[in-house]
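Enquirer: Please see the structure below; I have some questions.
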Amino acid sequence: MNALEIFFNPDIAARAFPILLRGLGMTLLLGVTAIVFGTLLGLAIALVRLFAPLPFRLLAAGYTDVMRALPVLVVLILIYYALPFAGIVFSSFTAAAVALSLVLGAYSAEVMRAGIQSVPHGQFEAASSLGLGFVRSMQKVVLPQAIRLVIPPQASNCVSIIKDTSLASVVAMSDLLKQATDAQALFANPTPLMVAALIYLAILWPLVRLTGWLEHHLQRAYQR
Amino acid sequence: MNALEIFFNPDIAARAFPILLRGLGMTLLLGVTAIVFGTLLGLAIALVRLFAPLPFRLLAAGYTDVMRALPVLVVLILIYYALPFAGIVFSSFTAAAVALSLVLGAYSAEVMRAGIQSVPHGQFEAASSLGLGFVRSMQKVVLPQAIRLVIPPQASNCVSIIKDTSLASVVAMSDLLKQATDAQALFANPTPLMVAALIYLAILWPLVRLTGWLEHHLQRAYQR
Amino acid sequence: ADPLKVAAYPANPPWENKTESGAFEGFEVDIVNEIAKRMGTTADIEGMDFKALFVASAAGRVDMVISSLTITDERLQSQSFTQPYFEGALGVGVKEDSGITSLEGLKGKVIGTVATSFPEKYLAEHKDQIGFAENKSYDTTANMLTDLQNGRIDAVVNDVVGLRYAFGQMKGLKVGAEIVTGEKFAIMMPKGSDKLQKANDIISEMKKDGTLPKMYEKWMGVAPAPGSFAVTPMPVPTSAN
Amino acid sequence: MEAAVDIRNLDKWFGKLHVLKGINLGVASGERIVVCGPSGSGKSTLIRCINGLEEYQAGSIDVDGMRVQKKSKTITAIRSEVGMVFQHFNLFPHLTVLENCTLAPVYVRGLKPKEAEDLAMHFLAKVKIPEQARKYPGQLSGGQQQRVAIARSLCMRPRIMLFDEPTSALDPEMIKEVLDTMIALATEGMTMLCVTHEMGFARKVADRIVFMDHGEIVEQAPPAEFFTSPASARARQFLDQLLRH
Amino acid sequence: MEAAVDIRNLDKWFGKLHVLKGINLGVASGERIVVCGPSGSGKSTLIRCINGLEEYQAGSIDVDGMRVQKKSKTITAIRSEVGMVFQHFNLFPHLTVLENCTLAPVYVRGLKPKEAEDLAMHFLAKVKIPEQARKYPGQLSGGQQQRVAIARSLCMRPRIMLFDEPTSALDPEMIKEVLDTMIALATEGMTMLCVTHEMGFARKVADRIVFMDHGEIVEQAPPAEFFTSPASARARQFLDQLLRH
Ligand SMILES: Nc1ncnc2c1ncn2[C@@H]1O[C@H](COP(=O)(O)OP(=O)(O)OP(=O)(O)O)[C@@H](O)[C@H]1O
Ligand SMILES: Nc1ncnc2c1ncn2[C@@H]1O[C@H](COP(=O)(O)OP(=O)(O)OP(=O)(O)O)[C@@H](O)[C@H]1O
Ligand SMILES: [Mg+2]
Ligand SMILES: [Mg+2]
């Protein structure tokens, strides 16, 4: 049996493929959930960090620091294994979604804070002078300008989080990686793992390239 | 029993601490190994990508892309579970060290390439004009100038890799996280996990802050 | 009544095992299903990693845990157990050509066990006596057996019934030796659970009316010996002995 | 004559720096005031206090009889009464000229988009750039941008306009077009409070010139008087320096 | 007289751009040549070919009898015979002035550090800045930096020096100090090939002026002849433009 037949056995690949697809579905669902909630959380934290009273600002700063200092897997395991002792019991999916959202929230907050801070102060003043309130000024004047600077680094954060969905396999969630390792054990052959790696590549490589492209083309000061 | 007694039970903390310290030792050893080999690998890849003949340049570019697109856990599991089918059997530690080095190598290569490219071309030309060969020019003229720009992003890469050492727990390496989860199951109490999280924080928070500081103070063009 | 929440390690045949369709089957699965039925409800079984089972029970996240769990004094400090229904023994799983046929053969070898399992504790207690080189602990049986095949470890120690069953599927592995430990397998429940007494009573009934011995025969392939745990009703245990 | 702005004993500190010291200033409805004085004398701070962009620590400011207080409910009402034009225009770069002008009328005044657009076109015509309505600020010259900024303020139909050195960031060729716009406004009877060093403009339209130095109002006088015979030595010195450039 | 540099039928392309067209030029040992010509005429490319910083596609260049070929073994030997001074100095910013000067002598010539330092101090004294030896390039003025660059080249004891507009990145006050250094070098008999538009310098030291345009040598003549009666219309036009500035 040559290497190709072991590592890319077409027969096993065909049998494993539907199993892997189910895992891919979970992976994508988890990724999208984490990105949506993580981004919203990040925006909230960024706003608190910039505009809330001092104690809240410090809390938000501490939160982002802690989340960026802890390994994602540790956060996930704390949520999955430790929280139940406090009576909070999440399913694997929920636990993973919460963990990834919390982490992405911290990274997003940093990115958004920088984006909002880069909007010149005169823009706030002009909006206030016209009688626009804080929320409207944010919504119509500041955030639309910040977003161009935020998109490239946030895209790169999202790529990281999609990669981190693979950690959910550790808390027994049937994501792409978990399905692949299970299938590898079932067929006693590494083909499912190799196929899973290719699926990850097929999704993430374009995203990595896109991130680089965005950095080149969008991350400049606003100008027309 | 109140929350503090459950989550920070001093008795259990005391009994778990020596177990965790053993895990911390493994974590640090793994981190240092990966940083040393990953950084060297990154330098080699960066040099290939900048100065080798075209086919090698493309290979190096493909390598960095693939490694940045694959989740670290997938790389680790491929090395640990798939390679044995090709007769290559690594211990948990070796597998984790290889996986983390390969990944850090890719990220380091990007950083170092940017650093070397930022050294003005005139510096190479001046060195050549004086008769210095390629290796000497690199060693004495280009790299010493590139290093200032490389240190901050590389520090941040190293922080990521230290966080990723926690993944080694998945391939049965007795690192800090694995010791903590085992102890948590043993004592049926989350204290060991909480203590482990604090240990991670104690190591990584200062590093995260240091990274930010380095970015502020070092990442400027060379000047005196 | 609410369904009975049961946690199980999903890859531990013949005790419990997740089939392709996602349903659970196995000796202990039959037992908890019958208990649930006699309580007037159904069992809702969730698969978890081995370590997570203890957390789930300790945190009151589930009502029962099945996974060929041994009653130990340590576990009794933070958990409760029903009466035992099986006398377990440990098996030493090795490669067919390894030549290891006894516990003594493990001297200087690298051994694998499942993290926080009874065999892990057993080996830790008998380390000096056996003289093995290292004990690697795994999160899943599958990973452990894969590493045995890969040669990363020389032997594994686990419940002998499970090992025999697994080696029926995997090529090149066998049980090299059996260690009689007199360990008692039972259902684990949260400490002081209000369902504990009821569950224990039902198990007594099942032993008396022959339901449990029949299940035993179905999954183990032989009828239980007279006087064994599978046919003898007992009270809720308060210690391992 | 009703007081459009009434400032009494106003004190303001930036930390330990006392930047406004017991300022008293009344602006009648329809009055046109030019504020001048050396750099750092507190001119910007004074007019920024009037529409609540800066907080003050003592004294009081009333606009149309409403007390200016930063965290109060009336601040929005005051701000829609008071238009402000900045040195650096502060147009919204991501919105077209038209959108710049309709934003506040729609979201603060609650106008329908169509009404707001008609209003905006009206004022853009007034500042003589209706044809630029669909462009983005970055595509206009500085003078055009400043005129858009004036139109944007006017769309809120303010009763008082504040200007903070509206021409000092402009190239010389463009200063005139902005000053002409401001003169037209003055001619229509708008109440104006204008920080500027354009003395030609001051002479032509100001009812009163307020000279500040070191956070105090040193002198107030009609332009004819102020330019020919300033009472204080400090004003004389200031005018000398201004003319020498 | 032995030829220090011998260029024959040299052709060079950048992609499809033909930048050097059949150049023939011999430089005798001890000769001082100034190359001038309009921007883009190929002056820099020509002298960069001489020490192998650029490859050429046809013809030949011999330096001290050694054929210049980029990938050949002799290139290091040639480069230590030929010193080069750049428009933008290209000093190593992370090394002190002294270290800039000793780097190549130690690693290419194999001198002991002490010997290299003595040599460096000798040449730093020659360019009149021995007191700056311990400073970093960033702490020096442009003129001082260029003099360090000359000293750094001299430390390799080259037989030929190439200069590519050594003064055109300098402020006017500093041009003289660099030209003086070059004149001193010329006086000592160094073979020099110098791209410059400093016509005063050319008049004073050049044995020959080479005028290039569009990749060709249009005219060669002693300075007296070249400045007073240039043969070609193109050289006349070039000189006219130069004088008008
Ligand atoms: N946000 C601030 N924080 C601290 N000090 C400030 C702030 N804004 C202004 N100042 C100080 O307050 C004083 C008055 O400033 P202000 O801008 O009002 O002067 P100005 O008369 O408008 O000067 P210019 O003609 O230069 O615009 C100055 O000393 C200035 O440095
Ligand atoms: N690396 C390069 N790649 C492509 N074209 C080049 C390169 N270097 C120079 N050229 C082109 O070759 C021609 C000659 O350039 P060169 O720098 O030799 O001119 P020059 O006479 O030194 O001009 P200047 O007085 O501006 O320095 C120009 O048209 C230039 O654009
Ligand atoms: Mg001002
Ligand atoms: Mg040139």
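Each chain in the structure tokens gets a letter, A, B, ..., in the order shown, and its residues are numbered from 1; ligands are numbered from 1 in order too.
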Residues at most 10 Å from ligand 2, using only C-alpha atoms and all ligand atoms? Could they come as a PyMOL selection string?
Expert: chain E and resi 12-20+35-49+54+87+164-165+168+195-197+212-215
Enquirer: Keeping N, CA and C atoms, export the residues of the selection given above as a JSON list (two decimals), in the first residue's frame.
Expert:
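Below is the file that was written, out-v1.json:
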```
[["chain", "number", "residue", "atom", "x", "y", "z"],
["E", 12, "LYS", "N", 23.11, 47.68, -21.98],
["E", 12, "LYS", "CA", 22.31, 47.24, -20.83],
["E", 12, "LYS", "C", 20.85, 47.57, -21.08],
["E", 13, "TRP", "N", 19.99, 46.61, -20.76],
["E", 13, "TRP", "CA", 18.55, 46.82, -20.82],
["E", 13, "TRP", "C", 17.93, 46.66, -19.42],
["E", 14, "PHE", "N", 16.95, 47.51, -19.11],
["E", 14, "PHE", "CA", 16.04, 47.19, -17.99],
["E", 14, "PHE", "C", 14.76, 46.70, -18.64],
["E", 15, "GLY", "N", 14.57, 45.39, -18.66],
["E", 15, "GLY", "CA", 13.42, 44.87, -19.39],
["E", 15, "GLY", "C", 13.54, 45.27, -20.85],
["E", 16, "LYS", "N", 12.60, 46.06, -21.34],
["E", 16, "LYS", "CA", 12.65, 46.47, -22.75],
["E", 16, "LYS", "C", 13.34, 47.82, -22.93],
["E", 17, "LEU", "N", 13.71, 48.44, -21.80],
["E", 17, "LEU", "CA", 14.31, 49.78, -21.87],
["E", 17, "LEU", "C", 15.81, 49.67, -22.09],
["E", 18, "HIS", "N", 16.28, 50.20, -23.19],
["E", 18, "HIS", "CA", 17.70, 50.13, -23.54],
["E", 18, "HIS", "C", 18.40, 51.32, -22.88],
["E", 19, "VAL", "N", 19.03, 51.12, -21.74],
["E", 19, "VAL", "CA", 19.55, 52.27, -20.98],
["E", 19, "VAL", "C", 21.01, 52.58, -21.25],
["E", 20, "LEU", "N", 21.80, 51.60, -21.67],
["E", 20, "LEU", "CA", 23.17, 51.89, -22.07],
["E", 20, "LEU", "C", 23.38, 51.31, -23.46],
["E", 35, "VAL", "N", 31.33, 62.54, -15.04],
["E", 35, "VAL", "CA", 30.27, 62.15, -15.95],
["E", 35, "VAL", "C", 29.09, 63.06, -15.70],
["E", 36, "CYS", "N", 28.57, 63.67, -16.76],
["E", 36, "CYS", "CA", 27.36, 64.46, -16.56],
["E", 36, "CYS", "C", 26.38, 64.19, -17.69],
["E", 37, "GLY", "N", 25.21, 64.76, -17.58],
["E", 37, "GLY", "CA", 24.17, 64.51, -18.57],
["E", 37, "GLY", "C", 22.82, 64.63, -17.93],
["E", 38, "PRO", "N", 21.77, 64.74, -18.76],
["E", 38, "PRO", "CA", 20.44, 64.94, -18.20],
["E", 38, "PRO", "C", 19.97, 63.74, -17.37],
["E", 39, "SER", "N", 18.94, 63.97, -16.58],
["E", 39, "SER", "CA", 18.38, 62.92, -15.75],
["E", 39, "SER", "C", 17.88, 61.78, -16.62],
["E", 40, "GLY", "N", 18.16, 60.55, -16.20],
["E", 40, "GLY", "CA", 17.70, 59.39, -16.96],
["E", 40, "GLY", "C", 18.61, 59.03, -18.10],
["E", 41, "SER", "N", 19.77, 59.71, -18.24],
["E", 41, "SER", "CA", 20.62, 59.42, -19.38],
["E", 41, "SER", "C", 21.45, 58.16, -19.16],
["E", 42, "GLY", "N", 21.47, 57.61, -17.93],
["E", 42, "GLY", "CA", 22.16, 56.35, -17.71],
["E", 42, "GLY", "C", 23.47, 56.48, -16.94],
["E", 43, "LYS", "N", 23.72, 57.65, -16.36],
["E", 43, "LYS", "CA", 24.97, 57.88, -15.65],
["E", 43, "LYS", "C", 25.11, 56.92, -14.46],
["E", 44, "SER", "N", 24.08, 56.88, -13.61],
["E", 44, "SER", "CA", 24.14, 56.00, -12.45],
["E", 44, "SER", "C", 24.29, 54.56, -12.88],
["E", 45, "THR", "N", 23.50, 54.16, -13.87],
["E", 45, "THR", "CA", 23.55, 52.78, -14.32],
["E", 45, "THR", "C", 24.96, 52.43, -14.78],
["E", 46, "LEU", "N", 25.61, 53.35, -15.49],
["E", 46, "LEU", "CA", 26.96, 53.08, -15.99],
["E", 46, "LEU", "C", 27.92, 52.81, -14.83],
["E", 47, "ILE", "N", 27.93, 53.69, -13.84],
["E", 47, "ILE", "CA", 28.94, 53.46, -12.80],
["E", 47, "ILE", "C", 28.54, 52.30, -11.89],
["E", 48, "ARG", "N", 27.25, 52.01, -11.79],
["E", 48, "ARG", "CA", 26.83, 50.84, -11.00],
["E", 48, "ARG", "C", 27.23, 49.54, -11.70],
["E", 49, "CYS", "N", 27.32, 49.58, -13.03],
["E", 49, "CYS", "CA", 27.80, 48.40, -13.75],
["E", 49, "CYS", "C", 29.27, 48.13, -13.44],
["E", 54, "GLU", "N", 24.93, 46.39, -10.98],
["E", 54, "GLU", "CA", 23.97, 46.05, -12.03],
["E", 54, "GLU", "C", 24.63, 45.07, -12.98],
["E", 87, "GLN", "N", 24.63, 58.78, -3.47],
["E", 87, "GLN", "CA", 23.94, 60.05, -3.23],
["E", 87, "GLN", "C", 23.41, 60.14, -1.80],
["E", 164, "ASP", "N", 28.46, 58.77, -7.08],
["E", 164, "ASP", "CA", 27.20, 58.99, -7.80],
["E", 164, "ASP", "C", 26.48, 60.17, -7.18],
["E", 165, "GLU", "N", 26.65, 61.32, -7.76],
["E", 165, "GLU", "CA", 26.06, 62.57, -7.26],
["E", 165, "GLU", "C", 26.21, 62.70, -5.75],
["E", 168, "SER", "N", 24.35, 65.86, -4.19],
["E", 168, "SER", "CA", 23.04, 66.39, -4.60],
["E", 168, "SER", "C", 21.96, 66.20, -3.54],
["E", 195, "VAL", "N", 30.02, 61.01, -11.03],
["E", 195, "VAL", "CA", 28.83, 61.61, -11.60],
["E", 195, "VAL", "C", 28.47, 62.82, -10.76],
["E", 196, "THR", "N", 28.51, 64.00, -11.36],
["E", 196, "THR", "CA", 28.16, 65.19, -10.59],
["E", 196, "THR", "C", 27.78, 66.32, -11.52],
["E", 197, "HIS", "N", 27.00, 67.23, -11.01],
["E", 197, "HIS", "CA", 26.70, 68.44, -11.79],
["E", 197, "HIS", "C", 27.37, 69.66, -11.19],
["E", 212, "MET", "N", 26.78, 62.32, -21.21],
["E", 212, "MET", "CA", 25.90, 61.24, -21.67],
["E", 212, "MET", "C", 24.52, 61.79, -21.96],
["E", 213, "ASP", "N", 23.85, 61.13, -22.91],
["E", 213, "ASP", "CA", 22.43, 61.43, -23.12],
["E", 213, "ASP", "C", 21.79, 60.20, -23.74],
["E", 214, "HIS", "N", 20.61, 59.86, -23.27],
["E", 214, "HIS", "CA", 19.88, 58.70, -23.80],
["E", 214, "HIS", "C", 20.74, 57.45, -23.89],
["E", 215, "GLY", "N", 21.54, 57.20, -22.86],
["E", 215, "GLY", "CA", 22.28, 55.95, -22.82],
["E", 215, "GLY", "C", 23.51, 55.92, -23.68]]
```
Enquirer: What are the residues of chain A lining chain C at 8 Å or less? Count only C-alpha atoms, and put the answer as a list in words.
Expert: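 Within 8 Å of chain C on chain A, we get Tyr81, Pro84, Phe85, Ala86, Gly87, Val89, Val171, Ala172 and Ala185 of chain A.
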Enquirer: Please save all heavy atoms of the selected residues as an mmCIF file, in the first residue's frame.
Expert:
```cif
data_model
loop_
_atom_site.group_PDB
_atom_site.id
_atom_site.type_symbol
_atom_site.label_atom_id
_atom_site.label_comp_id
_atom_site.auth_asym_id
_atom_site.auth_seq_id
_atom_site.Cartn_x
_atom_site.Cartn_y
_atom_site.Cartn_z
ATOM 1 N N TYR A 81 -16.532 23.014 32.102
ATOM 2 C CA TYR A 81 -16.329 22.151 33.266
ATOM 3 C C TYR A 81 -16.513 22.851 34.602
ATOM 4 O O TYR A 81 -16.871 22.225 35.583
ATOM 5 C CB TYR A 81 -14.931 21.524 33.231
ATOM 6 C CG TYR A 81 -14.760 20.462 32.183
ATOM 7 C CD1 TYR A 81 -13.899 20.621 31.121
ATOM 8 C CD2 TYR A 81 -15.471 19.264 32.278
ATOM 9 C CE1 TYR A 81 -13.741 19.636 30.157
ATOM 10 C CE2 TYR A 81 -15.323 18.269 31.329
ATOM 11 C CZ TYR A 81 -14.459 18.465 30.262
ATOM 12 O OH TYR A 81 -14.311 17.493 29.326
ATOM 13 N N PRO A 84 -20.618 24.567 35.614
ATOM 14 C CA PRO A 84 -21.673 23.707 36.150
ATOM 15 C C PRO A 84 -21.698 23.677 37.676
ATOM 16 O O PRO A 84 -22.756 23.512 38.275
ATOM 17 C CB PRO A 84 -21.340 22.331 35.579
ATOM 18 C CG PRO A 84 -20.667 22.633 34.292
ATOM 19 C CD PRO A 84 -19.865 23.870 34.550
ATOM 20 N N PHE A 85 -20.533 23.864 38.315
ATOM 21 C CA PHE A 85 -20.511 23.874 39.778
ATOM 22 C C PHE A 85 -21.277 25.067 40.334
ATOM 23 O O PHE A 85 -21.671 25.080 41.479
ATOM 24 C CB PHE A 85 -19.068 23.890 40.285
ATOM 25 C CG PHE A 85 -18.368 22.587 40.092
ATOM 26 C CD1 PHE A 85 -17.578 22.363 38.985
ATOM 27 C CD2 PHE A 85 -18.533 21.558 41.011
ATOM 28 C CE1 PHE A 85 -16.947 21.153 38.793
ATOM 29 C CE2 PHE A 85 -17.897 20.341 40.831
ATOM 30 C CZ PHE A 85 -17.103 20.137 39.714
ATOM 31 N N ALA A 86 -21.443 26.086 39.514
ATOM 32 C CA ALA A 86 -22.245 27.235 39.928
ATOM 33 C C ALA A 86 -23.678 27.078 39.419
ATOM 34 O O ALA A 86 -24.449 28.027 39.423
ATOM 35 C CB ALA A 86 -21.630 28.526 39.403
ATOM 36 N N GLY A 87 -23.988 25.881 38.957
ATOM 37 C CA GLY A 87 -25.351 25.625 38.521
ATOM 38 C C GLY A 87 -25.625 26.067 37.091
ATOM 39 O O GLY A 87 -26.756 26.014 36.626
ATOM 40 N N VAL A 89 -25.245 25.240 33.437
ATOM 41 C CA VAL A 89 -24.895 24.097 32.621
ATOM 42 C C VAL A 89 -25.178 24.399 31.155
ATOM 43 O O VAL A 89 -26.320 24.635 30.782
ATOM 44 C CB VAL A 89 -25.705 22.864 33.063
ATOM 45 C CG1 VAL A 89 -25.375 21.686 32.173
ATOM 46 C CG2 VAL A 89 -25.409 22.546 34.509
ATOM 47 N N VAL A 171 -14.580 19.588 23.851
ATOM 48 C CA VAL A 171 -15.711 19.399 24.764
ATOM 49 C C VAL A 171 -16.806 18.604 24.076
ATOM 50 O O VAL A 171 -17.994 18.816 24.301
ATOM 51 C CB VAL A 171 -16.261 20.730 25.310
ATOM 52 C CG1 VAL A 171 -15.230 21.393 26.183
ATOM 53 C CG2 VAL A 171 -16.690 21.650 24.194
ATOM 54 N N ALA A 172 -16.352 17.643 23.231
ATOM 55 C CA ALA A 172 -17.257 16.641 22.661
ATOM 56 C C ALA A 172 -18.322 17.233 21.759
ATOM 57 O O ALA A 172 -19.398 16.680 21.616
ATOM 58 C CB ALA A 172 -17.898 15.809 23.769
ATOM 59 N N ALA A 185 -10.689 7.009 13.779
ATOM 60 C CA ALA A 185 -10.641 5.857 14.681
ATOM 61 C C ALA A 185 -11.505 4.728 14.130
ATOM 62 O O ALA A 185 -11.133 3.558 14.168
ATOM 63 C CB ALA A 185 -11.103 6.261 16.073
#
```
Enquirer: Residues near Pro190 of chain B, anyone? I mean within 7 Å using only C-alpha atoms, not counting same-chain ones fewer than 4 positions away, as a compact mmCIF listing (two decimals) with N, CA and C atoms, in the first residue's frame.
Expert:
```txt
# COMPACT_ATOMS: atom_id res chain seq x y z
N ALA A 82 -16.20 24.15 34.67
CA ALA A 82 -16.25 24.81 35.98
C ALA A 82 -17.60 25.45 36.25
N PHE B 7 -15.29 27.48 44.28
CA PHE B 7 -14.37 27.78 43.18
C PHE B 7 -12.94 28.05 43.64
N GLN B 184 -9.33 18.43 38.54
CA GLN B 184 -10.72 18.85 38.76
C GLN B 184 -11.63 17.63 38.82
N MET B 194 -9.53 26.76 38.24
CA MET B 194 -9.44 28.19 38.50
C MET B 194 -7.99 28.59 38.79
```
Enquirer: For a quick check of understanding, using only C-alpha atoms, which of B:Gln123, B:Ser108, B:Ser101, B:Thr191 has the smallest distance to chain E?
Expert: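 For chain E, the nearest of the given residues is B:Gln123.
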Enquirer: I need the residues of chain B that end up classed as alpha helix (DSSP H) by DSSP on the backbone, written out as a PyMOL selection string.
Expert: chain B and resi 3-7+10-51+54-69+72-77+92-117+121-129+134-136+143-164+176-187+191-218
Enquirer: Quote the spacing between atom CA of Gln220 of chain D and atom CA of Arg208 of chain D in Å to one decimal place.
Expert: 6.7 Å
Enquirer: For the atom pair atom CA of Cys155 of chain D and atom CA of Ala120 of chain D, what is the interatomic distance in Å to one decimal place?
Expert: 6.0 Å
Enquirer: Rank B:Ile19, B:Val66, B:Leu83, B:Ala99 by their smallest atom-to-atom distance to Leu186 of chain B, using only C-alpha atoms, and report the top residue only.
Expert: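 Of B:Ile19, B:Val66, B:Leu83, B:Ala99, the one nearest Leu186 of chain B, counting only C-alpha atoms, is B:Ile19.
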Enquirer: Write out as a list in words which residues come within 10 Å of Gly65 of chain E when counting only C-alpha atoms, dropping same-chain ones fewer than 3 positions away.
Expert: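 The residues that qualify are Glu2, Ala3, Ala4, Val5, Asp6, Ile61, Asp62, Val68 and Ile78 of chain E.
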